[in-house]
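Here is the structure we will look at, set down as structure tokens.
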Amino acid sequence: MTHESGTLGPDAVRGMFDRIAPVYDVMNRVMTAGLDQRWRKLAVSLVVWPGDRVLDACCGTGDLAVAAERRGGRVVGLDFSERMLQRARTKSGTIEWVRGDALALPFEEGGFDAATVGFGVRNLMDLDAGLREAARVLRPGARFVILELSMPSWQPLRGLYLFYFRHLLPSVGRLISSHSNAYTWLPESVLAFPEPPALAERMSKAGFRDVSWSSLVGGICAIHVGTRA
């Protein structure tokens with residue numbers, strides 16, 4: 001089975017995240033030079049208001065869900081990796097942590113006021129199905145934000161970024177995580193993922209209006225925001 005965003009199927013992706021869960025936060029800080037937490041805070045500030053019921057899909061170890069809670073949201077965090085959720089539970093006892101599939105969300109239609117995904121849609125077997133599921137569980141007028149790695153379009157930054165991703169990051173990943181392919185697969189999945197304009201178009205087709213996006217740090221990361229039609 002091939003993964004839409006690389007070469008891994010869902011069971012392999014789940015197993016990979018289970019194995020790297022203990023070092024996932026450390027690697028995020030290393031990969032982004034500590035910027036990932038700032039990006040998460042910015043992402044939730046665009047869509048979460050106090051009192052909102054918020055879904056953080058593909059929540060991983062829970063950093064984005066915690067950021068949404070600090071904004072005043074009543075947060076549900078969902079992930080398919082139990083070991084990731086074990087880490088998330090240590091960060092908040094008031095967030096509802098749910099093990100589940102972002103392609104078949106175990107929630108009613110229109111039950112959320114906002115939804116967030118941080119560095120997660122790239123791992124979905126069917127991106128368009130995941131976007132439609134996010135739209136399904138949001139009420140009309142609710143807000144949705146995607147925070148995801150992207151490829152810079154400007155040279156020489158793109159070349160430097162590719163060198164870092166393809167040569168330096170896998171070595172650092174193996175050193176810290178002792179996982180042979182997790183951080184080799186990461187650049188492959190980023191390269192295979194839709195460019196920001198294409199992702200915005202797919203969000204529109206999935207049921208979101210007024211979709212906009214912005215690049216961060218020269219295009220190494222992008223934030224997409226849309227409103228449930």
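Labels used: A, B, ... for chains in the order of the structure tokens, numbers from 1 for residues in each chain, and numbers from 1 for ligands as shown.
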Enumerate, in order of chain and increasing residue number, the residues of segment 62-142 of chain A with an atom no farther than 9 Å from segment 38-53 of chain A, each with its shortest atom pair and distance in Å to one decimal, counting only C-alpha atoms, as a Markdown table.
```
| residue | atom | partner | partner_atom | distance |
| --- | --- | --- | --- | --- |
| A:Asp63 | CA | A:Arg40 | CA | 7.7 |
| A:Leu64 | CA | A:Arg40 | CA | 5.7 |
| A:Ala65 | CA | A:Val44 | CA | 8.8 |
| A:Ala67 | CA | A:Lys41 | CA | 5.9 |
| A:Ala68 | CA | A:Val44 | CA | 5.6 |
| A:Glu69 | CA | A:Pro50 | CA | 8.7 |
| A:Arg70 | CA | A:Pro50 | CA | 9.0 |
| A:Arg71 | CA | A:Pro50 | CA | 6.1 |
| A:Gly72 | CA | A:Pro50 | CA | 4.0 |
| A:Gly73 | CA | A:Asp52 | CA | 4.9 |
| A:Arg74 | CA | A:Arg53 | CA | 4.7 |
| A:Val75 | CA | A:Arg53 | CA | 5.9 |
| A:Val76 | CA | A:Arg53 | CA | 7.8 |
| A:Gly111 | CA | A:Arg53 | CA | 7.8 |
| A:Phe112 | CA | A:Arg53 | CA | 5.2 |
| A:Asp113 | CA | A:Arg53 | CA | 5.3 |
| A:Ala114 | CA | A:Val48 | CA | 6.2 |
| A:Ala115 | CA | A:Val47 | CA | 7.8 |
| A:Thr116 | CA | A:Val44 | CA | 7.3 |
| A:Gly118 | CA | A:Arg40 | CA | 7.4 |
| A:Ala142 | CA | A:Val47 | CA | 8.3 |
```
field: 9 Å contact set for Ser92 of chain A, only C-alpha atoms, chain neighbours under 3 positions out, as a VMD selection string
entry: chain A and resid 62 66 88 to 89 95 to 96
query: Which is closest to Leu124 of chain A among A:Leu103, A:Ala21, A:Gly219, A:Met31, if we use only C-alpha atoms?
result: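 Checking each candidate against Leu124 of chain A, we get A:Leu103 as the closest.
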task: Identify all residues of segment 19-210 of chain A in helix (DSSP H, G or I) (DSSP on the backbone) and supply them as a VMD selection string.
output: chain A and resid 19 to 32 36 to 47 63 to 70 82 to 89 121 to 123 127 to 137 157 to 177 182 to 192 196 to 206
task: Show which residues sit within 8 Å of Phe17 of chain A, as a ChimeraX atom specification. Count only C-alpha atoms, and ignore same-chain residues fewer than 6 positions away.
output: /A:81,83-84
message: Using DSSP assignments from the backbone, pull out every residue in segment 16-167 of chain A that falls under strand (DSSP E or B) and give it to me as a PyMOL selection string.
response: chain A and resi 53-57+74-79+96-99+112-118+138-149
For the selection you just gave me, I'd like the residues written to a file as an mmCIF file, in the first residue's frame, keeping N, CA and C atoms.
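Saved file selection09.cif follows:
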```cif
data_model
loop_
_atom_site.group_PDB
_atom_site.id
_atom_site.type_symbol
_atom_site.label_atom_id
_atom_site.label_comp_id
_atom_site.auth_asym_id
_atom_site.auth_seq_id
_atom_site.Cartn_x
_atom_site.Cartn_y
_atom_site.Cartn_z
ATOM 1 N N ARG A 53 -15.902 25.136 21.299
ATOM 2 C CA ARG A 53 -15.596 23.709 21.328
ATOM 3 C C ARG A 53 -14.683 23.427 20.148
ATOM 4 N N VAL A 54 -13.487 22.946 20.430
ATOM 5 C CA VAL A 54 -12.422 22.859 19.436
ATOM 6 C C VAL A 54 -11.988 21.412 19.259
ATOM 7 N N LEU A 55 -11.847 20.994 18.009
ATOM 8 C CA LEU A 55 -11.257 19.703 17.696
ATOM 9 C C LEU A 55 -9.841 19.922 17.198
ATOM 10 N N ASP A 56 -8.879 19.261 17.842
ATOM 11 C CA ASP A 56 -7.522 19.212 17.310
ATOM 12 C C ASP A 56 -7.305 17.811 16.769
ATOM 13 N N ALA A 57 -7.390 17.675 15.451
ATOM 14 C CA ALA A 57 -7.235 16.367 14.806
ATOM 15 C C ALA A 57 -5.758 16.088 14.560
ATOM 16 N N ARG A 74 -12.612 24.755 24.634
ATOM 17 C CA ARG A 74 -12.953 23.469 25.252
ATOM 18 C C ARG A 74 -12.550 22.404 24.237
ATOM 19 N N VAL A 75 -11.441 21.748 24.476
ATOM 20 C CA VAL A 75 -10.721 21.053 23.412
ATOM 21 C C VAL A 75 -10.877 19.541 23.489
ATOM 22 N N VAL A 76 -11.044 18.949 22.303
ATOM 23 C CA VAL A 76 -10.953 17.513 22.112
ATOM 24 C C VAL A 76 -9.747 17.261 21.217
ATOM 25 N N GLY A 77 -8.824 16.428 21.683
ATOM 26 C CA GLY A 77 -7.663 16.069 20.877
ATOM 27 C C GLY A 77 -7.777 14.635 20.394
ATOM 28 N N LEU A 78 -7.600 14.415 19.090
ATOM 29 C CA LEU A 78 -7.757 13.081 18.508
ATOM 30 C C LEU A 78 -6.489 12.679 17.770
ATOM 31 N N ASP A 79 -6.076 11.428 17.969
ATOM 32 C CA ASP A 79 -4.937 10.888 17.231
ATOM 33 C C ASP A 79 -5.098 9.383 17.135
ATOM 34 N N GLU A 96 -10.102 16.520 26.422
ATOM 35 C CA GLU A 96 -10.603 15.165 26.171
ATOM 36 C C GLU A 96 -9.749 14.532 25.074
ATOM 37 N N TRP A 97 -8.971 13.540 25.446
ATOM 38 C CA TRP A 97 -8.085 12.871 24.488
ATOM 39 C C TRP A 97 -8.775 11.625 23.945
ATOM 40 N N VAL A 98 -8.869 11.521 22.626
ATOM 41 C CA VAL A 98 -9.615 10.447 21.974
ATOM 42 C C VAL A 98 -8.708 9.750 20.965
ATOM 43 N N ARG A 99 -8.688 8.428 21.022
ATOM 44 C CA ARG A 99 -7.992 7.677 19.982
ATOM 45 C C ARG A 99 -8.969 7.427 18.840
ATOM 46 N N PHE A 112 -18.584 21.193 16.362
ATOM 47 C CA PHE A 112 -17.430 21.980 16.800
ATOM 48 C C PHE A 112 -17.483 23.398 16.236
ATOM 49 N N ASP A 113 -16.931 24.328 17.015
ATOM 50 C CA ASP A 113 -16.859 25.732 16.612
ATOM 51 C C ASP A 113 -15.553 26.059 15.895
ATOM 52 N N ALA A 114 -14.563 25.197 16.040
ATOM 53 C CA ALA A 114 -13.268 25.399 15.393
ATOM 54 C C ALA A 114 -12.549 24.058 15.329
ATOM 55 N N ALA A 115 -11.649 23.950 14.374
ATOM 56 C CA ALA A 115 -10.828 22.737 14.261
ATOM 57 C C ALA A 115 -9.417 23.141 13.860
ATOM 58 N N THR A 116 -8.467 22.378 14.359
ATOM 59 C CA THR A 116 -7.064 22.635 14.073
ATOM 60 C C THR A 116 -6.376 21.333 13.688
ATOM 61 N N VAL A 117 -5.374 21.445 12.838
ATOM 62 C CA VAL A 117 -4.483 20.322 12.535
ATOM 63 C C VAL A 117 -3.072 20.883 12.422
ATOM 64 N N GLY A 118 -2.161 20.353 13.207
ATOM 65 C CA GLY A 118 -0.782 20.804 13.153
ATOM 66 C C GLY A 118 0.144 19.678 12.723
ATOM 67 N N LEU A 138 -17.743 20.378 11.722
ATOM 68 C CA LEU A 138 -17.801 21.798 12.061
ATOM 69 C C LEU A 138 -19.174 22.366 11.736
ATOM 70 N N ARG A 139 -19.643 23.269 12.560
ATOM 71 C CA ARG A 139 -20.896 23.965 12.262
ATOM 72 C C ARG A 139 -20.645 24.982 11.146
ATOM 73 N N PRO A 140 -21.677 25.361 10.392
ATOM 74 C CA PRO A 140 -21.500 26.410 9.379
ATOM 75 C C PRO A 140 -20.967 27.688 10.021
ATOM 76 N N GLY A 141 -19.971 28.276 9.403
ATOM 77 C CA GLY A 141 -19.348 29.475 9.938
ATOM 78 C C GLY A 141 -18.190 29.206 10.875
ATOM 79 N N ALA A 142 -17.978 27.933 11.208
ATOM 80 C CA ALA A 142 -16.854 27.582 12.081
ATOM 81 C C ALA A 142 -15.543 27.716 11.318
ATOM 82 N N ARG A 143 -14.456 27.831 12.056
ATOM 83 C CA ARG A 143 -13.157 28.114 11.465
ATOM 84 C C ARG A 143 -12.239 26.884 11.548
ATOM 85 N N PHE A 144 -11.390 26.750 10.537
ATOM 86 C CA PHE A 144 -10.497 25.599 10.420
ATOM 87 C C PHE A 144 -9.113 26.101 10.049
ATOM 88 N N VAL A 145 -8.078 25.634 10.760
ATOM 89 C CA VAL A 145 -6.715 26.031 10.447
ATOM 90 C C VAL A 145 -5.839 24.799 10.275
ATOM 91 N N ILE A 146 -4.988 24.838 9.281
ATOM 92 C CA ILE A 146 -3.989 23.797 9.033
ATOM 93 C C ILE A 146 -2.612 24.443 9.136
ATOM 94 N N LEU A 147 -1.784 23.885 9.996
ATOM 95 C CA LEU A 147 -0.387 24.285 10.122
ATOM 96 C C LEU A 147 0.451 23.138 9.580
ATOM 97 N N GLU A 148 1.249 23.409 8.560
ATOM 98 C CA GLU A 148 1.961 22.298 7.914
ATOM 99 C C GLU A 148 3.290 22.782 7.319
ATOM 100 N N LEU A 149 4.261 21.894 7.310
ATOM 101 C CA LEU A 149 5.520 22.172 6.635
ATOM 102 C C LEU A 149 5.299 22.308 5.132
#
```
- prompt: Near segment 162-164 of chain A, within 12 Å and counting only C-alpha atoms, which residues show up once chain neighbours fewer than 5 positions away are dropped, as a VMD selection string?
  reply: chain A and resid 31 to 32 150 to 157 169 to 173 183 to 184 186 to 188 190 to 191 220
task: Work out how far apart atom CA of Val225 of chain A and atom CA of Arg209 of chain A are and give it in Å to one decimal.
output: 9.3 Å
- request: Compare A:Gln37, A:Phe193, A:Ile223, A:Ser177 by their minimum atom-to-atom distance to Val23 of chain A, counting only C-alpha atoms, and give me the closest one.
  value: A:Ser177
message: For a test of reading the model, state the distance in Å between atom CA of Arg202 of chain A and atom CA of Phe80 of chain A, rounded to one decimal.
response: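 Atom-to-atom, atom CA of Arg202 of chain A to atom CA of Phe80 of chain A, that is 23.3 Å.
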